>>> print(open('structure_32.cif').read())   # mmCIF, C-alpha atoms
data_data
#
loop_
_atom_site.label_atom_id
_atom_site.label_comp_id
_atom_site.auth_asym_id
_atom_site.auth_seq_id
_atom_site.Cartn_x
_atom_site.Cartn_y
_atom_site.Cartn_z
CA MET A 1160 10.81 -4.16 -17.37
CA LYS A 1161 8.24 -1.63 -16.26
CA ASN A 1162 8.73 1.96 -17.31
CA SER A 1163 7.69 5.02 -15.34
CA SER A 1164 3.96 5.74 -15.28
CA THR A 1165 2.29 8.80 -16.69
CA ARG A 1166 -0.77 9.67 -14.63
CA THR A 1167 -3.47 12.27 -14.91
CA GLY A 1168 -6.09 13.52 -12.49
CA ALA A 1169 -6.44 15.46 -9.26
CA VAL A 1170 -3.70 15.34 -6.67
CA THR A 1171 -5.24 15.83 -3.21
CA VAL A 1172 -3.77 15.74 0.31
CA THR A 1173 -0.47 14.20 -0.71
CA CYS A 1174 0.58 17.59 -2.11
CA ALA A 1175 1.38 18.58 1.48
CA ILE A 1176 3.92 15.77 1.69
CA ALA A 1177 5.79 16.85 -1.42
CA MET A 1178 5.74 20.50 -0.38
CA THR A 1179 7.10 19.70 3.08
CA ILE A 1180 9.95 17.62 1.70
CA ALA A 1181 10.84 20.41 -0.72
CA ALA A 1182 10.80 22.96 2.09
CA SER A 1183 13.20 20.87 4.15
CA GLY A 1184 15.80 21.11 1.40
CA ALA A 1185 16.25 17.33 1.34
CA SER A 1186 14.77 14.48 -0.65
CA ALA A 1187 13.19 11.28 0.55
CA ALA A 1188 15.22 8.12 -0.06
CA THR A 1189 13.52 5.05 -1.52
CA VAL A 1190 14.17 2.10 0.80
CA PHE A 1191 11.69 -0.39 -0.72
CA ASN A 1192 10.25 -0.76 -4.21
CA ASP A 1193 8.37 -3.72 -5.67
CA ASP A 1194 6.52 -3.58 -9.00
CA PHE A 1195 6.38 -7.42 -9.30
CA GLU A 1196 7.96 -7.42 -12.75
CA SER A 1197 10.64 -9.80 -11.47
CA GLY A 1198 8.02 -12.53 -11.07
CA SER A 1199 9.23 -13.13 -7.52
CA LEU A 1200 7.50 -12.64 -4.17
CA ALA A 1201 10.77 -12.88 -2.25
CA ASN A 1202 10.02 -9.51 -0.63
CA TRP A 1203 6.93 -10.94 1.04
CA THR A 1204 5.97 -13.55 3.61
CA GLY A 1205 2.79 -14.98 5.11
CA LYS A 1206 1.57 -15.17 8.68
CA SER A 1207 4.30 -16.15 11.14
CA PHE A 1208 6.75 -16.07 8.20
CA GLY A 1209 4.89 -19.00 6.62
CA ALA A 1210 3.03 -19.64 3.39
CA HIS A 1211 0.59 -17.19 1.80
CA ASP A 1212 -1.86 -17.09 -1.10
CA ALA A 1213 -0.70 -13.95 -2.89
CA VAL A 1214 0.13 -14.49 -6.56
CA ILE A 1215 1.71 -12.42 -9.31
CA VAL A 1216 -0.63 -12.16 -12.30
CA ASP A 1217 -1.05 -10.16 -15.47
CA ASP A 1218 -2.69 -6.81 -14.94
CA PRO A 1219 -6.29 -7.33 -16.14
CA LEU A 1220 -6.11 -3.94 -17.88
CA ASP A 1221 -2.66 -4.41 -19.43
CA ASN A 1222 -1.18 -7.86 -19.94
CA THR A 1223 2.31 -6.41 -20.35
CA ASN A 1224 2.24 -5.36 -16.70
CA SER A 1225 2.36 -7.54 -13.56
CA ALA A 1226 0.54 -7.02 -10.25
CA ILE A 1227 -0.45 -9.10 -7.24
CA THR A 1228 -3.82 -10.50 -6.23
CA PHE A 1229 -4.92 -13.21 -3.80
CA ASN A 1230 -6.21 -16.75 -4.27
CA THR A 1231 -8.02 -16.72 -0.92
CA LEU A 1232 -9.79 -14.22 1.32
CA GLU A 1233 -8.07 -13.52 4.63
CA SER A 1234 -8.06 -11.39 7.80
CA ALA A 1235 -5.22 -9.97 9.93
CA GLY A 1236 -3.05 -9.79 6.81
CA GLU A 1237 -2.29 -12.17 3.94
CA ILE A 1238 1.20 -10.96 3.10
CA PHE A 1239 3.76 -8.93 5.04
CA SER A 1240 6.97 -7.33 3.84
CA THR A 1241 10.06 -9.31 4.79
CA GLN A 1242 11.73 -5.93 5.24
CA PHE A 1243 11.25 -4.28 8.63
CA PHE A 1244 11.24 -0.48 8.50
CA ASP A 1245 13.15 0.61 11.58
CA PHE A 1246 12.41 3.93 13.24
CA ALA A 1247 16.04 4.07 14.32
CA SER A 1248 16.94 4.46 10.63
CA ALA A 1249 14.26 7.05 9.86
CA ASP A 1250 11.69 8.84 12.00
CA THR A 1251 9.07 8.86 9.28
CA TYR A 1252 8.25 6.77 6.20
CA GLU A 1253 5.96 7.48 3.27
CA VAL A 1254 4.26 4.40 1.80
CA SER A 1255 2.70 4.51 -1.67
CA PHE A 1256 0.94 1.90 -3.80
CA ASP A 1257 -1.52 1.42 -6.66
CA TYR A 1258 -4.87 -0.35 -6.25
CA LEU A 1259 -7.31 -1.84 -8.74
CA GLY A 1260 -10.70 -3.31 -7.85
CA PHE A 1261 -11.67 -5.42 -10.86
CA ALA A 1262 -15.00 -7.23 -10.70
CA LYS A 1263 -15.30 -10.99 -11.00
CA ASN A 1264 -18.37 -13.18 -10.84
CA GLY A 1265 -19.66 -12.82 -7.29
CA SER A 1266 -18.00 -9.48 -6.47
CA VAL A 1267 -20.25 -7.09 -4.54
CA ALA A 1268 -20.06 -3.57 -5.93
CA GLY A 1269 -18.14 -1.13 -3.75
CA ASP A 1270 -16.60 -3.65 -1.34
CA PHE A 1271 -14.24 -6.04 -3.10
CA GLY A 1272 -12.07 -6.28 0.02
CA GLY A 1273 -8.68 -4.83 -0.83
CA PHE A 1274 -7.00 -3.73 2.43
CA THR A 1275 -3.56 -2.43 3.33
CA GLY A 1276 -1.79 -1.18 6.42
CA TYR A 1277 1.26 -1.76 8.60
CA SER A 1278 2.06 -4.18 11.41
CA GLN A 1279 4.68 -4.75 14.08
CA GLY A 1280 4.75 -8.47 13.32
CA THR A 1281 3.35 -11.06 10.94
CA PRO A 1282 0.81 -10.32 12.27
CA GLY A 1283 1.07 -8.39 15.50
CA THR A 1284 -0.19 -5.04 16.66
CA HIS A 1285 -1.28 -3.44 13.41
CA SER A 1286 -3.11 -0.54 11.82
CA TRP A 1287 -5.22 -0.68 8.66
CA THR A 1288 -4.80 2.49 6.60
CA PHE A 1289 -6.92 1.94 3.47
CA GLY A 1290 -9.64 -0.50 2.52
CA THR A 1291 -12.88 -0.82 0.61
CA SER A 1292 -14.79 -0.29 3.87
CA THR A 1293 -14.13 1.21 7.32
CA THR A 1294 -13.57 -2.19 8.93
CA SER A 1295 -10.94 -2.06 11.71
CA GLY A 1296 -10.60 1.69 11.37
CA ALA A 1297 -9.43 1.77 7.74
CA SER A 1298 -10.26 4.70 5.52
CA ASP A 1299 -12.68 3.42 2.87
CA ALA A 1300 -10.77 5.12 0.09
CA LEU A 1301 -9.98 2.15 -2.16
CA ILE A 1302 -12.33 2.47 -5.09
CA ASP A 1303 -13.64 -0.59 -6.95
CA ASP A 1304 -14.35 0.98 -10.33
CA GLY A 1305 -12.08 -1.02 -12.65
CA ALA A 1306 -9.41 1.70 -12.78
CA TRP A 1307 -5.94 1.85 -11.24
CA ARG A 1308 -5.58 4.52 -8.59
CA SER A 1309 -2.58 5.64 -6.53
CA PHE A 1310 -2.52 6.16 -2.76
CA SER A 1311 -0.01 7.11 -0.10
CA TYR A 1312 0.20 7.47 3.66
CA VAL A 1313 2.78 8.40 6.27
CA VAL A 1314 3.96 6.27 9.21
CA ASP A 1315 5.47 8.43 11.94
CA GLY A 1316 7.56 6.71 14.60
CA ALA A 1317 6.41 9.13 17.29
CA THR A 1318 2.76 8.11 16.94
CA ALA A 1319 2.68 4.67 15.25
CA PHE A 1320 1.10 2.04 17.53
CA GLY A 1321 0.75 4.69 20.23
CA GLY A 1322 4.46 5.55 20.16
CA GLY A 1323 7.50 3.62 21.34
CA SER A 1324 7.49 1.08 18.50
CA THR A 1325 10.79 0.02 16.92
CA GLY A 1326 9.32 -0.14 13.41
CA PHE A 1327 6.82 -1.85 11.14
CA ARG A 1328 6.15 -4.15 8.17
CA LEU A 1329 3.75 -3.56 5.31
CA MET A 1330 0.66 -5.78 5.06
CA PHE A 1331 -1.93 -6.44 2.37
CA GLU A 1332 -4.95 -8.70 1.97
CA ASP A 1333 -8.27 -9.40 0.25
CA PHE A 1334 -10.53 -9.24 3.33
CA VAL A 1335 -12.67 -12.28 4.14
CA GLY A 1336 -15.39 -10.09 5.67
CA SER A 1337 -15.91 -8.04 2.51
CA GLY A 1338 -18.38 -8.54 -0.30
CA GLY A 1339 -15.61 -9.53 -2.65
CA VAL A 1340 -14.31 -12.82 -3.95
CA ALA A 1341 -10.72 -13.98 -4.20
CA GLY A 1342 -8.86 -12.40 -7.07
CA ASP A 1343 -10.82 -9.16 -7.48
CA ALA A 1344 -8.38 -6.88 -5.57
CA PHE A 1345 -5.00 -6.00 -7.12
CA PHE A 1346 -1.97 -4.10 -5.80
CA ASP A 1347 1.10 -2.82 -7.64
CA ASN A 1348 4.04 -0.38 -7.47
CA ILE A 1349 4.54 -0.62 -3.71
CA ARG A 1350 7.16 1.85 -2.55
CA VAL A 1351 8.50 3.08 0.79
CA ASN A 1352 10.46 6.30 1.15
CA ALA A 1353 12.39 7.30 4.24
CA VAL A 1354 11.52 10.93 4.89
CA PRO A 1355 14.30 13.30 6.04
CA SER A 1356 14.06 14.12 9.75
CA PRO A 1357 13.71 17.92 9.31
CA GLY A 1358 10.32 17.35 7.70
CA ALA A 1359 9.08 14.60 9.99
CA GLY A 1360 7.06 16.74 12.39
CA VAL A 1361 5.16 18.58 9.69
CA LEU A 1362 4.62 15.42 7.69
CA ALA A 1363 2.95 13.76 10.64
CA MET A 1364 0.36 16.56 10.61
CA GLY A 1365 -0.46 15.73 7.00
CA GLY A 1366 -1.80 12.32 8.02
CA PHE A 1367 -3.13 10.16 5.24
CA GLY A 1368 -3.15 11.27 1.66
CA MET A 1369 -4.50 9.95 -1.59
CA VAL A 1370 -3.59 10.59 -5.16
CA SER A 1371 -6.82 9.68 -6.92
CA ARG A 1372 -5.91 9.46 -10.54
CA ARG A 1373 -5.96 6.99 -13.34
CA ARG A 1374 -2.56 5.76 -14.43
CA LYS A 1375 -1.40 5.18 -17.96
CA ARG A 1376 1.69 3.12 -18.65
CA LEU A 1377 4.20 3.98 -21.32
CA ALA A 1378 4.92 1.25 -23.83
#
>>> encode(input="structure_32.cif", output="structure tokens")
Amino acid sequence: MKNSSTRTGAVTVTCAIAMTIAASGASAATVFNDDFESGSLANWTGKSFGAHDAVIVDDPLDNTNSAITFNTLESAGEIFSTQFFDFASADTYEVSFDYLGFAKNGSVAGDFGGFTGYSQGTPGTHSWTFGTSTTSGASDALIDDGAWRSFSYVVDGATAFGGGSTGFRLMFEDFVGSGGVAGDAFFDNIRVNAVPSPGAGVLAMGGFGMVSRRRKRLA
């Protein structure tokens, strides 16, 4: 079983999220958490709720830890969360995850192709939040340097998909249009928190945030 991570480094924009939650006097509730230590991908599905090519593998930096990667390159999403995050249940959600770009033979430096975002369907109308390039409007914040890094972003029901959406699913892929090869992009510790309504308006102003720091696991 995976223990809590100890991480060091600079905390950037995501500080605003934590400060806003604290100011509201309430705490965010975790509504989804997958660290892949169970060995199961039951929380995930492929396009149109069909098959996918995501696999659970040993972390290339720590074989006592598990993460996911992809056996094929894809577009419009390789895996989607089976859980639908309903804006009727919470106005705002914070999504966090860890990313590792780990070079294989054929990987092109700086663009391995890890991408993540959120979608109304499997796929459907969707928004890419982070990637290794700015393709489809993603922030090119995912760094392919052989180190695990942590990221987070906020999905606000008032503005997601132009407003009026009922909710969303998470989506991840190793992008076919990147310079990467299958199996060089890894994701782990995917978590979704429902943010208390009193902080929702201010949180939306915070936009995307990144915690750029190397993680170290406890034995």
>>> atom_distance(input="structure_32.cif", atom1="atom CA of A:Pro1219", atom2="atom CA of A:Tyr1277")
26.5 Å
>>> resolve_selection(input="structure_32.cif", expression="the PyMOL selection byres ((chain A and resi 1280) around 9)", output="short mmCIF file (atom, residue, chain, number, x, y, z; two decimals) with C-alpha atoms, in the frame of the given file")
data_model
loop_
_atom_site.label_atom_id
_atom_site.label_comp_id
_atom_site.auth_asym_id
_atom_site.auth_seq_id
_atom_site.Cartn_x
_atom_site.Cartn_y
_atom_site.Cartn_z
CA LYS A 1206 1.57 -15.17 8.68
CA SER A 1207 4.30 -16.15 11.14
CA PHE A 1239 3.76 -8.93 5.04
CA TYR A 1277 1.26 -1.76 8.60
CA SER A 1278 2.06 -4.18 11.41
CA GLN A 1279 4.68 -4.75 14.08
CA THR A 1281 3.35 -11.06 10.94
CA PRO A 1282 0.81 -10.32 12.27
CA GLY A 1283 1.07 -8.39 15.50
CA THR A 1284 -0.19 -5.04 16.66
CA HIS A 1285 -1.28 -3.44 13.41
CA PHE A 1327 6.82 -1.85 11.14
CA ARG A 1328 6.15 -4.15 8.17
#
>>> atom_distance(input="structure_32.cif", atom1="atom CA of A:Asp1347", atom2="atom CA of A:Asp1212")
16.0 Å
>>> resolve_selection(input="structure_32.cif", expression="the PyMOL selection byres ((chain A and resi 1333) around 7)", output="PDB file with C-alpha atoms, in the frame of the given file")
ATOM      1  CA  PHE A1229      -4.920 -13.210  -3.800  1.00  0.00           C
ATOM      2  CA  LEU A1232      -9.790 -14.220   1.320  1.00  0.00           C
ATOM      3  CA  GLU A1233      -8.070 -13.520   4.630  1.00  0.00           C
ATOM      4  CA  GLY A1272     -12.070  -6.280   0.020  1.00  0.00           C
ATOM      5  CA  GLY A1273      -8.680  -4.830  -0.830  1.00  0.00           C
ATOM      6  CA  PHE A1274      -7.000  -3.730   2.430  1.00  0.00           C
ATOM      7  CA  GLU A1332      -4.950  -8.700   1.970  1.00  0.00           C
ATOM      8  CA  PHE A1334     -10.530  -9.240   3.330  1.00  0.00           C
ATOM      9  CA  VAL A1335     -12.670 -12.280   4.140  1.00  0.00           C
ATOM     10  CA  ALA A1341     -10.720 -13.980  -4.200  1.00  0.00           C
ATOM     11  CA  ALA A1344      -8.380  -6.880  -5.570  1.00  0.00           C
TER      12      ALA A1344
END
>>> closest_residue(input="structure_32.cif", among="A:Asp1257, A:Ala1297, A:Glu1196, A:Gly1290", to="A:Asn1222", atoms="only C-alpha atoms")
A:Glu1196
>>> closest_residue(input="structure_32.cif", among="A:Asn1352, A:Thr1241, A:Thr1288, A:Ser1197", to="A:Val1216", atoms="all atoms listed in the file")
A:Ser1197
>>> build_atoms(input="structure_32.cif", residues="stretch 1271-1287 of chain A", atoms="N, CA and C atoms", output="PDB file, in the coordinates of the input")
ATOM      1  N   PHE A1271     -14.943  -4.847  -2.635  1.00  0.00           N
ATOM      2  CA  PHE A1271     -14.240  -6.040  -3.100  1.00  0.00           C
ATOM      3  C   PHE A1271     -13.296  -6.606  -2.050  1.00  0.00           C
ATOM      4  N   GLY A1272     -12.855  -5.765  -1.103  1.00  0.00           N
ATOM      5  CA  GLY A1272     -12.070  -6.280   0.020  1.00  0.00           C
ATOM      6  C   GLY A1272     -10.589  -6.028   0.008  1.00  0.00           C
ATOM      7  N   GLY A1273     -10.092  -5.190  -0.892  1.00  0.00           N
ATOM      8  CA  GLY A1273      -8.680  -4.830  -0.830  1.00  0.00           C
ATOM      9  C   GLY A1273      -8.393  -4.023   0.428  1.00  0.00           C
ATOM     10  N   PHE A1274      -7.386  -4.438   1.208  1.00  0.00           N
ATOM     11  CA  PHE A1274      -7.000  -3.730   2.430  1.00  0.00           C
ATOM     12  C   PHE A1274      -5.485  -3.666   2.525  1.00  0.00           C
ATOM     13  N   THR A1275      -4.991  -2.574   3.095  1.00  0.00           N
ATOM     14  CA  THR A1275      -3.560  -2.430   3.330  1.00  0.00           C
ATOM     15  C   THR A1275      -3.315  -1.640   4.608  1.00  0.00           C
ATOM     16  N   GLY A1276      -2.168  -1.890   5.218  1.00  0.00           N
ATOM     17  CA  GLY A1276      -1.790  -1.180   6.420  1.00  0.00           C
ATOM     18  C   GLY A1276      -0.381  -1.561   6.827  1.00  0.00           C
ATOM     19  N   TYR A1277      -0.082  -1.430   8.115  1.00  0.00           N
ATOM     20  CA  TYR A1277       1.260  -1.760   8.600  1.00  0.00           C
ATOM     21  C   TYR A1277       1.146  -2.451   9.950  1.00  0.00           C
ATOM     22  N   SER A1278       2.128  -3.308  10.240  1.00  0.00           N
ATOM     23  CA  SER A1278       2.060  -4.180  11.410  1.00  0.00           C
ATOM     24  C   SER A1278       3.419  -4.288  12.071  1.00  0.00           C
ATOM     25  N   GLN A1279       3.416  -4.518  13.383  1.00  0.00           N
ATOM     26  CA  GLN A1279       4.680  -4.750  14.080  1.00  0.00           C
ATOM     27  C   GLN A1279       5.210  -6.148  13.843  1.00  0.00           C
ATOM     28  N   GLY A1280       4.332  -7.077  13.526  1.00  0.00           N
ATOM     29  CA  GLY A1280       4.750  -8.470  13.320  1.00  0.00           C
ATOM     30  C   GLY A1280       4.105  -9.052  12.087  1.00  0.00           C
ATOM     31  N   THR A1281       3.923 -10.383  12.098  1.00  0.00           N
ATOM     32  CA  THR A1281       3.350 -11.060  10.940  1.00  0.00           C
ATOM     33  C   THR A1281       2.263 -12.064  11.339  1.00  0.00           C
ATOM     34  N   PRO A1282       1.163 -11.704  11.935  1.00  0.00           N
ATOM     35  CA  PRO A1282       0.810 -10.320  12.270  1.00  0.00           C
ATOM     36  C   PRO A1282       1.323  -9.950  13.647  1.00  0.00           C
ATOM     37  N   GLY A1283       0.787  -8.891  14.169  1.00  0.00           N
ATOM     38  CA  GLY A1283       1.070  -8.390  15.500  1.00  0.00           C
ATOM     39  C   GLY A1283       0.188  -7.193  15.691  1.00  0.00           C
ATOM     40  N   THR A1284       0.552  -6.286  16.571  1.00  0.00           N
ATOM     41  CA  THR A1284      -0.190  -5.040  16.660  1.00  0.00           C
ATOM     42  C   THR A1284      -0.128  -4.358  15.306  1.00  0.00           C
ATOM     43  N   HIS A1285      -1.280  -3.975  14.766  1.00  0.00           N
ATOM     44  CA  HIS A1285      -1.280  -3.440  13.410  1.00  0.00           C
ATOM     45  C   HIS A1285      -2.321  -2.343  13.253  1.00  0.00           C
ATOM     46  N   SER A1286      -2.195  -1.633  12.150  1.00  0.00           N
ATOM     47  CA  SER A1286      -3.110  -0.540  11.820  1.00  0.00           C
ATOM     48  C   SER A1286      -3.459  -0.631  10.346  1.00  0.00           C
ATOM     49  N   TRP A1287      -4.752  -0.687  10.050  1.00  0.00           N
ATOM     50  CA  TRP A1287      -5.220  -0.680   8.660  1.00  0.00           C
ATOM     51  C   TRP A1287      -5.378   0.765   8.204  1.00  0.00           C
TER      52      TRP A1287
END
